[in-house]
Every structure is written in structure tokens, then in C-alpha cells.
>>> print(open('data.txt').read())   # compact mmCIF, C-alpha atoms
# COMPACT_ATOMS: atom_id res chain seq x y z
CA MET A 154 -5.06 -17.45 -4.08
CA PRO A 155 -2.85 -15.67 -3.38
CA PHE A 156 -3.99 -12.26 -4.50
CA VAL A 157 -1.03 -9.94 -5.03
CA THR A 158 -1.14 -6.16 -5.37
CA VAL A 159 1.91 -4.30 -6.68
CA LYS A 160 1.81 -0.54 -6.12
CA VAL A 161 4.44 1.18 -8.23
CA LEU A 162 5.24 4.69 -9.43
CA GLU A 163 3.56 5.47 -12.75
CA GLY A 164 5.64 4.97 -15.86
CA LYS A 165 6.14 1.22 -16.10
CA SER A 166 5.60 0.00 -19.67
CA VAL A 167 3.32 -2.88 -20.65
CA GLU A 168 6.46 -4.89 -21.34
CA GLN A 169 7.75 -4.28 -17.81
CA LYS A 170 4.36 -5.22 -16.35
CA ARG A 171 4.16 -8.35 -18.51
CA ALA A 172 7.64 -9.47 -17.44
CA LEU A 173 6.81 -8.99 -13.77
CA VAL A 174 3.45 -10.77 -13.93
CA GLU A 175 4.89 -13.78 -15.74
CA LYS A 176 7.95 -14.14 -13.52
CA MET A 177 6.15 -13.43 -10.28
CA SER A 178 3.40 -15.94 -11.06
CA ARG A 179 5.99 -18.63 -11.77
CA LEU A 180 7.92 -17.78 -8.61
CA ILE A 181 4.85 -17.93 -6.34
CA ALA A 182 3.70 -21.18 -7.95
CA GLU A 183 7.09 -22.80 -7.36
CA CYS A 184 7.74 -21.33 -3.93
CA TRP A 185 4.36 -22.29 -2.48
CA GLU A 186 3.61 -25.27 -4.75
CA LEU A 187 0.47 -23.87 -6.31
CA PRO A 188 -0.91 -24.07 -9.84
CA GLN A 189 -0.42 -20.74 -11.65
CA ASP A 190 -4.14 -20.43 -12.38
CA ARG A 191 -4.75 -19.83 -8.66
CA ILE A 192 -2.62 -16.67 -8.69
CA PHE A 193 -4.03 -13.20 -9.29
CA ILE A 194 -1.86 -10.09 -9.64
CA PHE A 195 -3.05 -6.49 -9.61
CA ILE A 196 -0.78 -3.56 -10.51
CA GLU A 197 -1.56 -0.10 -9.20
CA ASP A 198 0.06 2.87 -10.94
CA LEU A 199 0.89 5.55 -8.41
CA ALA A 200 0.88 9.12 -9.78
CA LYS A 201 3.85 11.23 -8.69
CA GLU A 202 1.52 13.81 -7.18
CA ASN A 203 -0.08 11.06 -5.08
CA TYR A 204 3.07 9.74 -3.43
CA GLY A 205 4.60 11.29 -0.35
CA LYS A 206 7.87 10.40 1.30
CA HIS A 207 10.55 12.22 3.32
CA GLY A 208 7.67 14.45 4.34
CA GLN A 209 7.32 15.71 0.77
CA LEU A 210 5.35 15.01 -2.37
CA TYR A 211 7.37 12.94 -4.85
CA VAL A 212 6.86 15.57 -7.57
CA ASP A 213 8.72 18.04 -5.34
CA LEU A 214 11.44 15.59 -4.34
CA GLU A 215 12.06 14.79 -7.97
CA SER A 216 12.33 18.38 -9.12
CA GLY A 217 14.38 19.31 -6.08
CA MET A 218 17.96 19.15 -4.99
CA LEU A 219 18.04 15.64 -3.58
CA PRO A 220 20.32 13.22 -5.44
CA LYS A 221 18.32 10.51 -7.27
CA SER A 222 20.02 7.80 -5.22
CA ASN A 223 18.22 8.99 -2.11
CA MET A 224 14.78 8.39 -3.54
CA ILE A 225 12.71 5.32 -3.15
CA MET B 169 6.58 2.67 8.46
CA PRO B 170 3.84 3.62 8.81
CA PHE B 171 2.32 3.39 5.35
CA VAL B 172 -0.66 5.71 5.05
CA THR B 173 -3.31 5.66 2.34
CA VAL B 174 -5.68 8.61 1.94
CA LYS B 175 -8.70 7.91 -0.25
CA VAL B 176 -10.40 11.16 -1.22
CA LEU B 177 -12.94 12.36 -3.76
CA GLU B 178 -11.26 13.51 -6.99
CA GLY B 179 -10.57 17.20 -7.35
CA LYS B 180 -7.90 17.94 -4.76
CA SER B 181 -5.18 20.16 -6.23
CA VAL B 182 -1.47 19.41 -6.06
CA GLU B 183 -1.22 22.25 -3.52
CA GLN B 184 -3.82 20.60 -1.30
CA LYS B 185 -2.06 17.25 -1.59
CA ARG B 186 1.32 18.82 -0.86
CA ALA B 187 -0.03 20.56 2.24
CA LEU B 188 -1.55 17.36 3.57
CA VAL B 189 1.53 15.23 2.92
CA GLU B 190 3.86 17.71 4.61
CA LYS B 191 1.67 18.29 7.66
CA MET B 192 0.63 14.68 8.07
CA SER B 193 4.22 13.45 7.87
CA ARG B 194 5.27 15.93 10.55
CA LEU B 195 2.33 14.98 12.75
CA ILE B 196 2.99 11.23 12.56
CA ALA B 197 6.70 11.76 13.19
CA GLU B 198 5.98 13.83 16.32
CA CYS B 199 3.08 11.75 17.60
CA TRP B 200 4.84 8.41 17.32
CA GLU B 201 8.45 9.68 17.61
CA LEU B 202 9.61 8.50 14.23
CA PRO B 203 11.97 10.06 11.68
CA GLN B 204 10.01 11.49 8.74
CA ASP B 205 11.93 9.39 6.23
CA ARG B 206 10.20 6.29 7.56
CA ILE B 207 6.76 7.61 6.59
CA PHE B 208 5.10 6.83 3.26
CA ILE B 209 1.83 8.41 2.15
CA PHE B 210 -0.29 7.34 -0.80
CA ILE B 211 -3.23 9.40 -2.06
CA GLU B 212 -6.03 7.71 -3.99
CA ASP B 213 -8.33 9.93 -6.07
CA LEU B 214 -11.85 8.53 -5.99
CA ALA B 215 -13.93 9.30 -9.09
CA LYS B 216 -17.47 10.48 -8.36
CA GLU B 217 -18.91 7.61 -10.36
CA ASN B 218 -16.94 5.16 -8.23
CA TYR B 219 -18.22 6.28 -4.82
CA GLY B 220 -21.47 5.09 -3.35
CA LYS B 221 -23.15 6.24 -0.17
CA HIS B 222 -26.72 6.60 1.13
CA GLY B 223 -27.39 3.71 -1.23
CA GLN B 224 -26.64 5.93 -4.22
CA LEU B 225 -23.77 6.81 -6.51
CA TYR B 226 -22.17 10.11 -5.52
CA VAL B 227 -22.73 11.54 -9.02
CA ASP B 228 -26.46 11.10 -8.44
CA LEU B 229 -26.40 12.45 -4.89
CA GLU B 230 -24.54 15.52 -6.08
CA SER B 231 -26.90 16.33 -8.93
CA GLY B 232 -29.93 15.54 -6.81
CA MET B 233 -32.05 17.31 -4.25
CA LEU B 234 -30.06 16.59 -1.12
CA PRO B 235 -28.58 19.62 0.58
CA LYS B 236 -24.76 19.66 0.39
CA SER B 237 -24.47 19.55 4.13
CA ASN B 238 -25.81 16.01 4.15
CA MET B 239 -23.01 14.65 2.02
CA ILE B 240 -19.83 13.11 3.21
CA MET C 118 -14.36 11.38 3.21
CA PRO C 119 -11.47 11.08 3.29
CA PHE C 120 -10.92 7.47 4.32
CA VAL C 121 -7.46 7.01 5.79
CA THR C 122 -5.67 3.70 6.37
CA VAL C 123 -2.57 3.59 8.57
CA LYS C 124 -0.56 0.38 8.29
CA VAL C 125 1.91 0.14 11.16
CA LEU C 126 4.10 -2.53 12.78
CA GLU C 127 2.23 -4.32 15.59
CA GLY C 128 2.83 -3.05 19.10
CA LYS C 129 1.22 0.40 19.16
CA SER C 130 -0.79 0.88 22.36
CA VAL C 131 -4.39 2.06 22.47
CA GLU C 132 -3.06 5.37 23.81
CA GLN C 133 -0.76 5.78 20.82
CA LYS C 134 -3.60 4.93 18.45
CA ARG C 135 -5.96 7.33 20.22
CA ALA C 136 -3.44 10.16 20.03
CA LEU C 137 -2.89 9.61 16.32
CA VAL C 138 -6.58 9.37 15.46
CA GLU C 139 -7.46 12.54 17.34
CA LYS C 140 -4.58 14.62 16.00
CA MET C 141 -4.81 13.30 12.46
CA SER C 142 -8.57 13.95 12.28
CA ARG C 143 -8.04 17.53 13.44
CA LEU C 144 -5.21 18.06 10.97
CA ILE C 145 -7.18 16.77 7.98
CA ALA C 146 -10.22 18.80 8.98
CA GLU C 147 -8.15 21.99 9.19
CA CYS C 148 -5.95 21.34 6.17
CA TRP C 149 -8.80 20.51 3.81
CA GLU C 150 -11.57 22.49 5.59
CA LEU C 151 -13.81 19.55 6.35
CA PRO C 152 -15.96 18.73 9.37
CA GLN C 153 -14.31 16.02 11.49
CA ASP C 154 -17.35 13.76 11.25
CA ARG C 155 -16.58 13.20 7.57
CA ILE C 156 -13.21 11.64 8.39
CA PHE C 157 -12.70 7.89 8.84
CA ILE C 158 -9.43 6.35 9.98
CA PHE C 159 -8.52 2.66 9.91
CA ILE C 160 -5.42 1.29 11.60
CA GLU C 161 -3.89 -1.97 10.41
CA ASP C 162 -1.49 -3.78 12.74
CA LEU C 163 1.25 -5.45 10.72
CA ALA C 164 2.72 -8.59 12.31
CA LYS C 165 6.53 -8.77 12.21
CA GLU C 166 6.38 -12.04 10.32
CA ASN C 167 4.20 -10.39 7.67
CA TYR C 168 6.50 -7.49 6.81
CA GLY C 169 9.39 -7.80 4.39
CA LYS C 170 12.02 -5.24 3.57
CA HIS C 171 15.68 -5.22 2.50
CA GLY C 172 14.75 -8.54 0.93
CA GLN C 173 14.19 -10.07 4.36
CA LEU C 174 11.38 -10.72 6.80
CA TYR C 175 11.31 -8.11 9.56
CA VAL C 176 11.54 -10.82 12.24
CA ASP C 177 14.91 -11.78 10.77
CA LEU C 178 16.11 -8.21 10.34
CA GLU C 179 15.24 -7.49 13.95
CA SER C 180 17.04 -10.48 15.40
CA GLY C 181 19.97 -10.05 13.03
CA MET C 182 23.09 -7.98 12.88
CA LEU C 183 21.75 -4.85 11.25
CA PRO C 184 21.91 -1.73 13.42
CA LYS C 185 18.42 -0.56 14.45
CA SER C 186 18.97 2.78 12.71
CA ASN C 187 18.87 1.04 9.35
CA MET C 188 15.36 -0.27 9.84
CA ILE C 189 12.17 1.32 8.73
CA MET D 31 -19.72 0.73 8.22
CA PRO D 32 -19.23 -1.48 6.40
CA PHE D 33 -16.82 -0.10 3.83
CA VAL D 34 -16.95 -2.12 0.63
CA THR D 35 -14.42 -2.05 -2.21
CA VAL D 36 -15.30 -3.60 -5.57
CA LYS D 37 -12.33 -4.11 -7.88
CA VAL D 38 -13.53 -4.81 -11.42
CA LEU D 39 -12.08 -4.85 -14.92
CA GLU D 40 -12.39 -1.45 -16.61
CA GLY D 41 -15.37 -0.94 -18.86
CA LYS D 42 -18.37 -0.96 -16.54
CA SER D 43 -20.76 1.86 -17.44
CA VAL D 44 -22.13 4.39 -14.97
CA GLU D 45 -25.47 2.60 -15.27
CA GLN D 46 -23.90 -0.72 -14.28
CA LYS D 47 -22.12 0.93 -11.36
CA ARG D 48 -25.30 2.68 -10.25
CA ALA D 49 -27.26 -0.57 -10.34
CA LEU D 50 -24.65 -2.38 -8.28
CA VAL D 51 -24.30 0.36 -5.67
CA GLU D 52 -28.06 0.65 -5.16
CA LYS D 53 -28.72 -3.08 -4.95
CA MET D 54 -25.65 -3.89 -2.89
CA SER D 55 -26.43 -1.15 -0.37
CA ARG D 56 -29.96 -2.48 0.04
CA LEU D 57 -28.73 -6.05 0.39
CA ILE D 58 -26.14 -5.21 3.08
CA ALA D 59 -28.67 -3.11 4.97
CA GLU D 60 -31.19 -5.95 5.00
CA CYS D 61 -28.74 -8.77 5.59
CA TRP D 62 -26.99 -7.12 8.54
CA GLU D 63 -29.86 -4.88 9.70
CA LEU D 64 -28.11 -1.57 9.18
CA PRO D 65 -29.38 1.78 7.91
CA GLN D 66 -28.21 2.41 4.35
CA ASP D 67 -26.50 5.66 5.30
CA ARG D 68 -23.89 3.66 7.20
CA ILE D 69 -22.75 1.88 4.05
CA PHE D 70 -19.91 3.11 1.85
CA ILE D 71 -19.00 1.53 -1.48
CA PHE D 72 -15.86 2.19 -3.51
CA ILE D 73 -15.40 0.91 -7.06
CA GLU D 74 -11.92 0.42 -8.46
CA ASP D 75 -11.55 0.16 -12.24
CA LEU D 76 -8.78 -2.29 -13.10
CA ALA D 77 -6.99 -1.59 -16.39
CA LYS D 78 -6.44 -4.66 -18.56
CA GLU D 79 -2.69 -4.07 -18.54
CA ASN D 80 -2.74 -4.07 -14.73
CA TYR D 81 -4.39 -7.44 -14.21
CA GLY D 82 -2.51 -10.71 -14.28
CA LYS D 83 -3.89 -14.21 -14.09
CA HIS D 84 -2.94 -17.66 -15.41
CA GLY D 85 0.59 -16.28 -15.21
CA GLN D 86 -0.19 -13.76 -17.95
CA LEU D 87 -1.31 -10.16 -18.34
CA TYR D 88 -5.02 -9.94 -19.13
CA VAL D 89 -4.32 -7.96 -22.32
CA ASP D 90 -2.38 -10.95 -23.61
CA LEU D 91 -4.94 -13.51 -22.46
CA GLU D 92 -7.68 -11.55 -24.21
CA SER D 93 -5.89 -11.24 -27.53
CA GLY D 94 -4.63 -14.80 -27.34
CA MET D 95 -5.92 -18.22 -28.13
CA LEU D 96 -7.68 -19.02 -24.88
CA PRO D 97 -11.44 -19.44 -25.16
CA LYS D 98 -13.31 -16.61 -23.42
CA SER D 99 -15.00 -19.07 -21.07
CA ASN D 100 -11.67 -19.73 -19.39
CA MET D 101 -11.19 -16.14 -18.33
CA ILE D 102 -12.14 -14.62 -15.05
CA MET E 224 -13.63 -10.77 -11.09
CA PRO E 225 -14.85 -8.79 -9.39
CA PHE E 226 -12.85 -8.90 -6.17
CA VAL E 227 -14.84 -7.48 -3.28
CA THR E 228 -13.50 -6.44 0.13
CA VAL E 229 -15.91 -5.83 3.00
CA LYS E 230 -14.37 -4.03 5.97
CA VAL E 231 -16.64 -4.33 9.01
CA LEU E 232 -16.41 -3.80 12.76
CA GLU E 233 -15.35 -6.97 14.56
CA GLY E 234 -18.11 -9.13 15.98
CA LYS E 235 -19.92 -10.50 12.95
CA SER E 236 -20.67 -14.22 13.40
CA VAL E 237 -19.81 -16.89 10.84
CA GLU E 238 -23.54 -17.12 10.11
CA GLN E 239 -23.70 -13.40 9.33
CA LYS E 240 -20.63 -13.66 7.12
CA ARG E 241 -22.02 -16.73 5.33
CA ALA E 242 -25.33 -14.97 4.67
CA LEU E 243 -23.60 -11.92 3.23
CA VAL E 244 -21.20 -13.88 1.02
CA GLU E 245 -23.98 -16.04 -0.43
CA LYS E 246 -26.40 -13.17 -1.07
CA MET E 247 -23.77 -10.75 -2.32
CA SER E 248 -22.33 -13.29 -4.75
CA ARG E 249 -25.78 -13.97 -6.17
CA LEU E 250 -26.52 -10.26 -6.45
CA ILE E 251 -23.29 -9.43 -8.29
CA ALA E 252 -23.74 -12.40 -10.61
CA GLU E 253 -27.26 -11.29 -11.52
CA CYS E 254 -26.57 -7.56 -11.66
CA TRP E 255 -23.53 -7.83 -13.90
CA GLU E 256 -24.38 -11.14 -15.61
CA LEU E 257 -21.38 -13.08 -14.40
CA PRO E 258 -20.99 -16.69 -13.28
CA GLN E 259 -20.67 -16.89 -9.48
CA ASP E 260 -17.35 -18.71 -9.70
CA ARG E 261 -15.75 -15.52 -11.00
CA ILE E 262 -16.58 -13.64 -7.78
CA PHE E 263 -14.21 -13.38 -4.82
CA ILE E 264 -15.18 -11.80 -1.51
CA PHE E 265 -12.82 -10.90 1.33
CA ILE E 266 -14.05 -9.84 4.76
CA GLU E 267 -11.84 -7.71 7.00
CA ASP E 268 -12.68 -7.60 10.72
CA LEU E 269 -11.92 -4.14 12.08
CA ALA E 270 -10.98 -4.04 15.77
CA LYS E 271 -12.69 -1.30 17.77
CA GLU E 272 -9.34 0.13 18.78
CA ASN E 273 -8.37 0.39 15.11
CA TYR E 274 -11.33 2.44 13.91
CA GLY E 275 -11.50 6.19 14.23
CA LYS E 276 -14.40 8.47 13.45
CA HIS E 277 -15.77 11.81 14.68
CA GLY E 278 -12.13 12.48 15.53
CA GLN E 279 -12.17 9.72 18.15
CA LEU E 280 -11.31 6.07 18.50
CA TYR E 281 -14.43 3.89 18.29
CA VAL E 282 -13.68 2.32 21.67
CA ASP E 283 -13.98 5.78 23.20
CA LEU E 284 -17.09 6.71 21.24
CA GLU E 285 -18.77 3.50 22.34
CA SER E 286 -18.02 3.91 26.01
CA GLY E 287 -18.80 7.63 25.90
CA MET E 288 -21.82 9.84 26.07
CA LEU E 289 -22.81 9.85 22.41
CA PRO E 290 -26.17 8.23 21.69
CA LYS E 291 -25.77 4.99 19.71
CA SER E 292 -27.79 6.41 16.86
CA ASN E 293 -24.98 8.83 16.06
CA MET E 294 -22.47 6.09 15.38
CA ILE E 295 -21.65 4.58 12.07
CA MET F 111 8.82 1.25 -4.20
CA PRO F 112 7.22 -0.94 -5.19
CA PHE F 113 4.94 -1.83 -2.29
CA VAL F 114 3.63 -5.37 -2.62
CA THR F 115 0.73 -6.91 -0.72
CA VAL F 116 0.24 -10.68 -0.74
CA LYS F 117 -3.16 -11.82 0.52
CA VAL F 118 -3.11 -15.55 1.24
CA LEU F 119 -5.23 -18.08 3.11
CA GLU F 120 -4.13 -18.42 6.74
CA GLY F 121 -1.75 -21.23 7.53
CA LYS F 122 1.49 -20.27 5.81
CA SER F 123 4.47 -20.88 8.10
CA VAL F 124 7.16 -18.31 8.87
CA GLU F 125 9.50 -20.39 6.71
CA GLN F 126 7.11 -20.19 3.76
CA LYS F 127 6.73 -16.43 4.26
CA ARG F 128 10.50 -15.96 4.55
CA ALA F 129 11.11 -17.90 1.35
CA LEU F 130 8.56 -15.87 -0.56
CA VAL F 131 9.80 -12.50 0.72
CA GLU F 132 13.41 -13.26 -0.11
CA LYS F 133 12.75 -14.68 -3.58
CA MET F 134 10.13 -12.11 -4.51
CA SER F 135 12.37 -9.21 -3.47
CA ARG F 136 15.22 -10.57 -5.58
CA LEU F 137 12.90 -11.13 -8.56
CA ILE F 138 11.46 -7.61 -8.46
CA ALA F 139 14.90 -6.09 -8.04
CA GLU F 140 16.21 -7.97 -11.09
CA CYS F 141 13.12 -7.62 -13.25
CA TRP F 142 12.77 -3.87 -12.76
CA GLU F 143 16.43 -3.05 -11.99
CA LEU F 144 15.86 -1.70 -8.51
CA PRO F 145 17.92 -2.01 -5.33
CA GLN F 146 16.28 -4.48 -2.92
CA ASP F 147 16.10 -1.89 -0.15
CA ARG F 148 13.43 -0.03 -2.14
CA ILE F 149 11.07 -3.01 -2.01
CA PHE F 150 8.43 -3.48 0.68
CA ILE F 151 6.30 -6.60 1.02
CA PHE F 152 3.23 -7.02 3.21
CA ILE F 153 1.57 -10.39 3.81
CA GLU F 154 -2.08 -10.55 4.80
CA ASP F 155 -3.35 -13.79 6.37
CA LEU F 156 -6.92 -14.42 5.25
CA ALA F 157 -9.04 -16.38 7.73
CA LYS F 158 -11.11 -19.16 6.19
CA GLU F 159 -14.29 -17.62 7.53
CA ASN F 160 -13.40 -14.35 5.79
CA TYR F 161 -12.96 -15.69 2.29
CA GLY F 162 -15.84 -16.27 -0.09
CA LYS F 163 -15.77 -17.86 -3.50
CA HIS F 164 -18.14 -19.91 -5.68
CA GLY F 165 -20.82 -18.00 -3.80
CA GLN F 166 -19.85 -19.74 -0.54
CA LEU F 167 -17.65 -19.16 2.49
CA TYR F 168 -14.37 -21.07 2.21
CA VAL F 169 -15.01 -22.85 5.51
CA ASP F 170 -18.13 -24.37 3.94
CA LEU F 171 -16.44 -25.20 0.65
CA GLU F 172 -13.65 -26.96 2.52
CA SER F 173 -15.90 -29.08 4.68
CA GLY F 174 -18.24 -29.79 1.79
CA MET F 175 -18.41 -32.18 -1.08
CA LEU F 176 -16.32 -30.31 -3.61
CA PRO F 177 -13.09 -32.03 -4.62
CA LYS F 178 -10.03 -30.11 -3.37
CA SER F 179 -8.81 -29.62 -6.91
CA ASN F 180 -11.71 -27.27 -7.59
CA MET F 181 -10.71 -24.82 -4.91
CA ILE F 182 -8.58 -21.78 -5.33
>>> encode(input="data.txt", output="C-alpha cells")
Amino acid sequence: MPFVTVKVLEGKSVEQKRALVEKMSRLIAECWELPQDRIFIFIEDLAKENYGKHGQLYVDLESGMLPKSNMI
Amino acid sequence: MPFVTVKVLEGKSVEQKRALVEKMSRLIAECWELPQDRIFIFIEDLAKENYGKHGQLYVDLESGMLPKSNMI
Amino acid sequence: MPFVTVKVLEGKSVEQKRALVEKMSRLIAECWELPQDRIFIFIEDLAKENYGKHGQLYVDLESGMLPKSNMI
Amino acid sequence: MPFVTVKVLEGKSVEQKRALVEKMSRLIAECWELPQDRIFIFIEDLAKENYGKHGQLYVDLESGMLPKSNMI
Amino acid sequence: MPFVTVKVLEGKSVEQKRALVEKMSRLIAECWELPQDRIFIFIEDLAKENYGKHGQLYVDLESGMLPKSNMI
Amino acid sequence: MPFVTVKVLEGKSVEQKRALVEKMSRLIAECWELPQDRIFIFIEDLAKENYGKHGQLYVDLESGMLPKSNMI
């Protein structure tokens, strides 16, 4: 406790996942005064064809005319 | 806002996903009077070996004797 | 199938939920050629103190100086 | 109803999933006096690089010095 | 591990929840040969106004003309 | 993106939630080099009667004989 789920667009490397898990565990432990072994983190890789925003699939947004800075 | 998750049996094509995301975004925007860029949709592909109903795994239901019309 | 979850900021009325469920069920049924009785929709009311964006809790964003048009 | 999600570390065989779905459906039906065809079960396979505990990624825990008995 | 979520229509008593948690933990432990202290179960109470099926909100289905036996 | 869900036992104050949201947003932004306005955090309060571990409901664990240090 707590149980944390991080849904993120596919493509994060193991190194990026490792860095997040280690830092986020430490932060939660400090912020809420919990031992780190009570903290569980799950990462969910979201495929680009499974993510819709702006009323469009992300695969279409990405290949389209929108400037990158508009994308979440 | 809102954040919508659609869990569906694996096998939907990108075209089917695109159609759903576009129409569903428009519908939510109209129904709840929201701009489309506030709407996020996530699709989750459910593998047939990860879906149980009628007390059975879907892979077994599908290969079995039940008429298709009984399956959800 | 499919199983749809709609996470939305608390405050939607039963009428607004009813309208969404009825229209969304019809849309999914038409878009993916499914009978409506295969479609399940779950709504999750998100409390304002449980929603963070822009690095802030929504309760703080709402009471703060940001123009409403910046909020999702 | 109910809708059950079982998140488990990747590697369970179809046989292990089948056994769980069949037994769990029967148990819920008996325990809450429901027909089995009201029960839906979803299994989510969790990749080892997507699971963090003890402040570490599971892939690192597994290859590391911790005795197996300490792992969840 | 595993982490199990049980989404069920509101109204289950603490006794019903206790019975399910105890029996389900034992079943998973036996079925997959795991110690019970590795198993986490979360129950989610689903309000009747937040559940849609048959293209309708459950509150409407319940108060309507459909025979109870048709409801999930 | 990312979309983070933090499931935690009921009882966290608004101040504790605010602190976590602000620090966690900053951490994710730095760790993965993202603008903070791309980050969404959802907190889920878990009622004690809806949380099972050690094969028991948390309400029973808490009122029972187990030393607090054994609880997650």
C-alpha cells in the first residue's frame, strides 16, 4: 500500500522504467512516511493504436500535421 | 476528462479502433458539452486466454460446442 | 464485451449518466456490429480532491487563478 | 456481475489460467449465490520489467541477491 | 501477487465481503501454489447509477419491466 | 501522459494528497523529461472493508492480534 499504476505510451526503456520505479518508491515512502516494501508499482505500456485523444487515434495524430508540441 | 477505457477481445483492426475513437469522442463531447480535446480513450486488447465467462476460459468456449450466439 | 469504464469528475447527474450510457451503447453496437446486450459500461465518479493535473490537485486549480478554459 | 480482474506476473500457462477461472467462477457463484454466467474474469499478465516493489524493478530483484522467499 | 479486483454492485455486506476474501485467497493460494500473504484483493462497490447494461442504466433496468432473471 | 493511479487505504488528508500530487508530478516530469501539464494523477481511496490481504479483510486484520508492523 499504496498500489500505483503508471499508464504510459509504449517505448519507454527498461532504464527509464527502473529510474521511475526507484525514484517514485522513495518519494512515496518519504512523502507519506511508509516503508518502501509496502509500495507496489505497475507500469502499463499503451500501444499507439490503443490511445485516442483530440478525437483521433494517436497513430494518426503522430503521422499527421499537428506540431509535436500539441500532443500529450 | 473524461478518461475512457474500452476493454475488448483481441482482434479489432486499427480501422475499427479508429472508427470507435472518432465516433465516441464526438458523442461524449456532444452529450456532455465538452471540447473533444478534453477526452482521452484507452483501448485494452483482451487475449482469449485471459478472458473467462460462463465459468470457462474463452479459448475453451470458442472451440467448444456452444453456439456462437451464446457468447459475449 | 466490450467493457467500458468512464472516469469523470464528480457532479454528473443521473440524467447525464443515463444519456451517455444509452447513446454510447448504441454507438458501440453500431460501430462494431454487436448486440447491445453484450455491452457493459461502468462510470467512476472522480472526487475533486482525488484528481491531479498541471502538477496540482484539481481542488486547488479550481479555486485558484487559472482561467477555466485551461482546465481539463 | 461481478467483474474480476487478476493481475499476475507473466508466465502462467493456459492450464493454470483455466484452472483458476473455473474454480474461481464456481467459488464466487457459491459464495454469493449467483449463476456462473453472471461472472466475468479478466487476467492481466504483468511483465517483469513493468512491476516494481521494494523500490526496485522486479527484473532487478530477481537477478539480484535477495532470497526468493522475500519476493512477492 | 496476484492482485485481484472484484467489481460488484453496491449492497454486499461486510460478512459477504469477508467470506469472499477468505475463500478466494485460499483458492488462489492452492490453485497456483502461493503463500496467502502474497495475495491482495480489492473490492469495488459499483453504484446502481454507475452501471450500464442492455443499453440502459441499471437503476432504470431495475425499476422497469424486465424480469429479474434477465439481469446480470 | 502518463496517467497515474494511486490506490491507497482511506484516511489520507487533502494535505497529504496535495503533497503527493505536486511532488509526484515534478518527479515524473524530471525523470522522463515531460512538461507537467501532460501528467494526470488519480487517487483511489480504498475502504478498509474493501481491502483483503493475508487471506483476511483489512478491518479484521486491524482489529485483530497482528502487530501493526506486519500490515501493509
>>> atom_distance(input="data.txt", atom1="CA of Tyr88 (chain D)", atom2="CA of Val174 (chain A)")
10.0 Å
>>> residues_around(input="data.txt", residues="Met247 (chain E)", least_positions_apart="3", cutoff="8 Å", atoms="all atoms listed in the file", output="number ranges by chain")
D: 54, 57; E: 243-244, 250-251; F: 165
>>> interface_residues(input="data.txt", of="chain E", to="chain F", cutoff="12 Å", atoms="all atoms listed in the file", output="PyMOL selection string")
chain E and resi 224-231+233+235-252+257-268
>>> atom_distance(input="data.txt", atom1="CA of Glu63 (chain D)", atom2="CA of Gly287 (chain E)")
23.3 Å
>>> atom_distance(input="data.txt", atom1="CA of Leu177 (chain B)", atom2="CA of Glu253 (chain E)")
28.7 Å
>>> axis_aligned_box(input="data.txt", around="region 211-217 of chain A", padding_each_side="5 Å", output="AutoDock Vina command-line options")
--center_x 10.6 --center_y 16.1 --center_z -6.7 --size_x 17.5 --size_y 16.4 --size_z 14.8
